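A.B. asks: Okay, so here is protein12.tsv, and as you'll see once you scroll down, it has TSV, C-alpha atoms.
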```tsv
chain	number	residue	atom	x	y	z
L	111	MET	CA	62.75	-2.53	49.87
L	112	GLN	CA	62.27	-5.89	51.60
L	113	ILE	CA	58.55	-5.38	52.19
L	114	ALA	CA	58.09	-5.44	48.42
L	115	CYS	CA	58.66	-9.20	48.65
L	116	LEU	CA	55.19	-9.42	50.23
L	117	ASN	CA	53.76	-7.98	47.02
L	118	VAL	CA	55.48	-10.71	45.03
L	119	VAL	CA	53.85	-13.45	47.08
L	120	PHE	CA	50.40	-11.84	46.89
L	121	ASN	CA	50.81	-11.42	43.13
L	122	LEU	CA	51.98	-15.00	42.74
L	123	GLN	CA	49.13	-16.37	44.84
L	124	ASN	CA	46.53	-14.33	42.96
L	125	ARG	CA	47.86	-15.27	39.54
L	126	TYR	CA	48.06	-18.96	40.35
L	127	ASN	CA	44.61	-19.08	41.91
L	128	SER	CA	43.17	-18.18	38.51
L	129	GLU	CA	44.27	-20.53	35.73
L	130	SER	CA	43.22	-18.05	33.03
L	131	SER	CA	45.42	-15.23	34.30
L	132	PRO	CA	48.77	-14.48	32.66
L	133	ARG	CA	51.78	-16.17	34.25
L	134	ASN	CA	54.30	-13.51	33.43
L	135	ILE	CA	55.21	-11.26	36.35
L	136	TYR	CA	58.20	-9.04	36.77
L	137	CYS	CA	59.75	-9.33	40.19
L	138	VAL	CA	60.48	-6.40	42.39
L	139	GLU	CA	63.95	-4.91	42.62
L	140	LEU	CA	64.84	-7.38	45.36
L	141	LEU	CA	64.66	-10.30	42.96
L	142	LEU	CA	66.08	-8.40	40.01
L	143	GLN	CA	69.50	-8.22	41.60
L	144	GLY	CA	70.39	-11.43	39.86
L	145	ALA	CA	67.29	-13.25	38.84
L	146	GLY	CA	65.18	-11.30	36.40
L	147	LYS	CA	61.72	-12.52	35.62
L	148	VAL	CA	59.34	-15.06	37.15
L	149	GLU	CA	57.15	-16.71	34.55
L	150	ASN	CA	56.15	-19.87	36.39
L	151	ILE	CA	56.75	-20.29	40.11
L	152	GLU	CA	56.90	-24.08	39.84
L	153	ASP	CA	59.70	-23.97	37.27
L	154	ASP	CA	61.60	-20.78	38.01
L	155	PHE	CA	62.63	-21.77	41.54
L	156	ALA	CA	63.56	-25.34	40.52
L	157	ASP	CA	67.27	-24.79	39.88
L	158	GLY	CA	67.90	-22.78	43.05
L	159	THR	CA	69.35	-19.69	41.37
L	160	LEU	CA	66.31	-17.44	41.89
L	161	LEU	CA	65.95	-18.46	45.53
L	162	TYR	CA	69.70	-17.99	46.01
L	163	HIS	CA	69.61	-14.40	44.69
L	164	LEU	CA	66.60	-13.63	46.86
L	165	LEU	CA	68.38	-14.99	49.95
L	166	VAL	CA	71.59	-13.10	49.19
L	167	ALA	CA	69.58	-9.87	48.91
L	168	LEU	CA	67.57	-10.53	52.06
L	169	THR	CA	70.49	-11.65	54.23
L	170	LYS	CA	72.82	-8.98	52.83
L	171	ASP	CA	75.53	-11.65	52.89
L	172	THR	CA	78.76	-10.10	51.65
L	173	SER	CA	80.39	-13.46	51.02
L	174	PRO	CA	77.61	-15.92	50.18
L	175	PRO	CA	78.38	-19.54	49.41
L	176	LYS	CA	78.96	-20.44	45.79
L	177	ILE	CA	76.38	-22.12	43.57
L	178	VAL	CA	76.34	-23.40	40.01
L	179	LYS	CA	75.20	-20.34	38.05
L	180	GLN	CA	73.69	-22.24	35.13
L	181	PRO	CA	72.89	-25.71	36.42
L	182	LYS	CA	71.99	-28.29	33.79
L	183	MET	CA	71.79	-31.55	35.72
L	184	LYS	CA	69.34	-32.40	38.48
L	185	ALA	CA	72.20	-32.98	40.92
L	186	GLN	CA	73.53	-29.45	40.32
L	187	LYS	CA	70.06	-27.98	40.84
L	188	LEU	CA	69.57	-29.92	44.07
L	189	ASP	CA	73.03	-28.84	45.26
L	190	ASN	CA	72.03	-25.20	44.65
L	191	LEU	CA	68.80	-25.70	46.58
L	192	ASN	CA	70.71	-27.36	49.43
L	193	VAL	CA	72.95	-24.29	49.60
L	194	CYS	CA	69.80	-22.14	49.78
L	195	PHE	CA	68.33	-24.20	52.59
L	196	SER	CA	71.65	-23.95	54.46
L	197	MET	CA	71.45	-20.17	54.10
L	198	ILE	CA	67.89	-20.26	55.42
L	199	ARG	CA	68.94	-22.30	58.46
L	200	LYS	CA	71.92	-19.99	59.04
L	201	ALA	CA	69.51	-17.03	59.07
L	202	GLY	CA	67.61	-18.73	61.89
L	203	ILE	CA	64.50	-19.62	59.92
L	204	LYS	CA	62.90	-22.88	60.97
L	205	LEU	CA	61.17	-24.79	58.20
L	206	THR	CA	59.34	-28.08	58.53
L	207	ASN	CA	58.35	-30.52	55.82
L	208	ILE	CA	60.03	-28.68	52.97
L	209	GLY	CA	63.35	-29.25	51.31
L	210	GLY	CA	65.23	-28.75	48.10
L	211	ALA	CA	63.51	-31.67	46.38
L	212	ASP	CA	60.09	-30.08	47.00
L	213	VAL	CA	61.20	-26.85	45.37
L	214	HIS	CA	62.91	-28.71	42.52
L	215	ASP	CA	59.74	-30.74	41.92
L	216	GLY	CA	57.73	-27.51	41.70
L	217	ASN	CA	55.44	-27.95	44.70
L	218	LYS	CA	53.62	-24.61	44.41
L	219	LYS	CA	52.07	-24.63	47.88
L	220	LEU	CA	55.40	-25.37	49.56
L	221	ILE	CA	57.21	-22.75	47.48
L	222	LEU	CA	54.62	-20.13	48.49
L	223	ALA	CA	54.91	-21.29	52.11
L	224	LEU	CA	58.69	-20.92	51.87
L	225	LEU	CA	58.33	-17.38	50.51
L	226	TRP	CA	55.85	-16.54	53.27
L	227	ASN	CA	58.35	-17.76	55.88
L	228	LEU	CA	61.03	-15.56	54.34
L	229	ILE	CA	58.68	-12.58	54.47
L	230	LEU	CA	57.71	-13.38	58.04
L	231	HIS	CA	61.36	-13.57	59.09
L	232	PHE	CA	62.87	-10.69	57.14
L	233	ASP	CA	59.95	-8.26	56.96
L	234	VAL	CA	57.33	-8.86	59.62
L	235	CYS	CA	59.76	-9.77	62.41
L	236	ALA	CA	61.96	-6.80	61.53
L	237	PHE	CA	59.22	-4.52	62.86
L	238	THR	CA	59.15	-6.13	66.30
L	239	GLU	CA	61.61	-5.13	68.97
L	240	ASP	CA	62.86	-8.65	69.67
L	241	GLY	CA	62.36	-10.24	66.22
L	242	ASP	CA	59.68	-12.60	67.56
L	243	ALA	CA	57.86	-14.28	64.65
L	244	ALA	CA	54.65	-14.95	66.59
L	245	LYS	CA	54.47	-11.36	67.81
L	246	GLY	CA	55.23	-10.10	64.31
L	247	ARG	CA	52.47	-12.23	62.84
L	248	ASN	CA	50.02	-11.06	65.52
L	249	ASP	CA	50.99	-7.43	64.95
L	250	LEU	CA	50.47	-7.88	61.22
L	251	LEU	CA	47.07	-9.50	61.82
L	252	LEU	CA	46.06	-6.60	64.08
L	253	TRP	CA	47.07	-4.10	61.39
L	254	VAL	CA	45.12	-6.06	58.74
L	255	GLN	CA	42.09	-6.25	61.06
L	256	ASN	CA	42.12	-2.49	61.57
L	257	ARG	CA	42.48	-1.80	57.84
L	258	CYS	CA	39.76	-4.26	56.82
L	259	GLU	CA	37.40	-3.11	59.56
L	260	GLU	CA	37.46	0.35	57.93
L	261	LYS	CA	35.97	-1.32	54.85
L	262	GLY	CA	33.42	-3.40	56.76
L	263	VAL	CA	35.23	-6.75	56.53
L	264	ALA	CA	36.00	-8.82	59.63
L	265	VAL	CA	39.32	-10.67	59.65
L	266	ASN	CA	40.34	-13.14	62.36
L	267	ASN	CA	43.06	-15.12	60.57
L	268	PHE	CA	45.20	-15.28	57.44
L	269	THR	CA	43.67	-18.50	56.11
L	270	SER	CA	39.92	-18.93	55.93
L	271	ASP	CA	39.17	-15.21	56.10
L	272	PHE	CA	41.24	-14.61	52.96
L	273	ARG	CA	39.82	-17.47	50.87
L	274	ASP	CA	37.03	-15.59	49.11
L	275	GLY	CA	39.16	-12.53	48.33
L	276	SER	CA	36.98	-10.01	50.21
L	277	ALA	CA	39.59	-9.44	52.93
L	278	LEU	CA	42.36	-8.93	50.40
L	279	LEU	CA	40.16	-6.55	48.39
L	280	ALA	CA	39.32	-4.59	51.57
L	281	LEU	CA	43.00	-4.43	52.46
L	282	VAL	CA	43.98	-3.26	48.97
L	283	ASN	CA	41.24	-0.62	49.01
L	284	SER	CA	42.19	0.54	52.49
L	285	VAL	CA	45.85	0.96	51.60
L	286	GLY	CA	45.33	2.06	48.00
L	287	GLY	CA	42.57	4.55	48.60
L	288	GLY	CA	39.62	2.49	47.32
L	289	GLN	CA	40.84	1.98	43.76
L	290	ALA	CA	40.25	-1.77	43.36
L	291	ALA	CA	36.88	-3.20	42.34
L	292	SER	CA	35.53	-6.68	42.91
L	293	ALA	CA	34.32	-8.90	40.09
L	294	GLU	CA	30.74	-8.19	41.21
L	295	ASP	CA	31.31	-4.45	40.76
L	296	GLY	CA	32.02	-5.01	37.07
```
Can I see the file as structure tokens?

C.D. replies:
Amino acid sequence: MQIACLNVVFNLQNRYNSESSPRNIYCVELLLQGAGKVENIEDDFADGTLLYHLLVALTKDTSPPKIVKQPKMKAQKLDNLNVCFSMIRKAGIKLTNIGGADVHDGNKKLILALLWNLILHFDVCAFTEDGDAAKGRNDLLLWVQNRCEEKGVAVNNFTSDFRDGSALLALVNSVGGGQAASAEDG
């Protein structure tokens, strides 16, 4: 169930890399527990409620802190985001150079980085024996390398090797049985 969050980030990144693509995605069950629909990542995380519901689902907190459910004022939204960042710190996730104001202001790159850190902590690290983030990331890279190598694509990192989309396409085809086609394929 938690690994589905990775699909959300990939979908968000792909949709926002192409300005002509539709900006209406339905979140996976993990986000639906209280949030509903993501139409615009810059706006939908701004009040803290979506992030809060995601964190409650990921942490399985039985008595989460309270937030303003329908914040109207900027101060209420920032308070909600501060609660979220407290929950993130409590979960042992270290974030640098991102805070509630960045999310409220709709900084897309930082929001995606935040989501990636949540995935890394709750999904990737969950598969390592000691919960080590670096080992989890290396294990994930090794798995991606093996999958992409099957399709003739070399991957050495998660940044530059994914920029042109060929590594992601190879990964999708490896996992999905070769169903996806590139733009060149027509």

A.B. asks: Which polymer residues, protein or nucleic acid, are no farther than 10 Å from (58.0, -22.7, 37.1), counting all atoms listed in the file, as a list in words?

C.D. replies: Arg133, Val148, Glu149, Asn150, Ile151, Glu152, Asp153, Asp154, Phe155, Ala156, Asp157, Val213, His214, Asp215, Gly216, Asn217 and Lys218 of chain L

A.B. asks: Select, from L:Arg273, L:Leu191, L:Leu281, L:Ile203, the residue with the minimum atom-to-atom distance to Phe232 of chain L, counting all atoms listed in the file.

C.D. replies: L:Ile203

A.B. asks: Residues within 12 Å of Asp171 of chain L, please, as a VMD selection string. Count all atoms listed in the file; anything in the same chain fewer than 4 positions from it doesn't count.

C.D. replies: chain L and resid 162 to 167 175 to 176 197 to 198 200 to 201

A.B. asks: Give me, please, the distance in Å between atom CA of Phe268 of chain L and atom CA of Val254 of chain L, quoted to one decimal.

C.D. replies: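 Taking atom CA of Phe268 of chain L and atom CA of Val254 of chain L, their separation equals 9.3 Å.
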
A.B. asks: What does the structure give for the distance between atom CA of Asp212 of chain L and atom CA of Ile229 of chain L, in Å to one decimal?

C.D. replies: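 According to the coordinates, atom CA of Asp212 of chain L and atom CA of Ile229 of chain L are separated by 19.1 Å.
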
A.B. asks: Can you work out the spacing between atom CA of Ala244 of chain L and atom CA of Trp226 of chain L in Å, to one decimal?

C.D. replies: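 We find that atom CA of Ala244 of chain L and atom CA of Trp226 of chain L lie 13.5 Å from each other.
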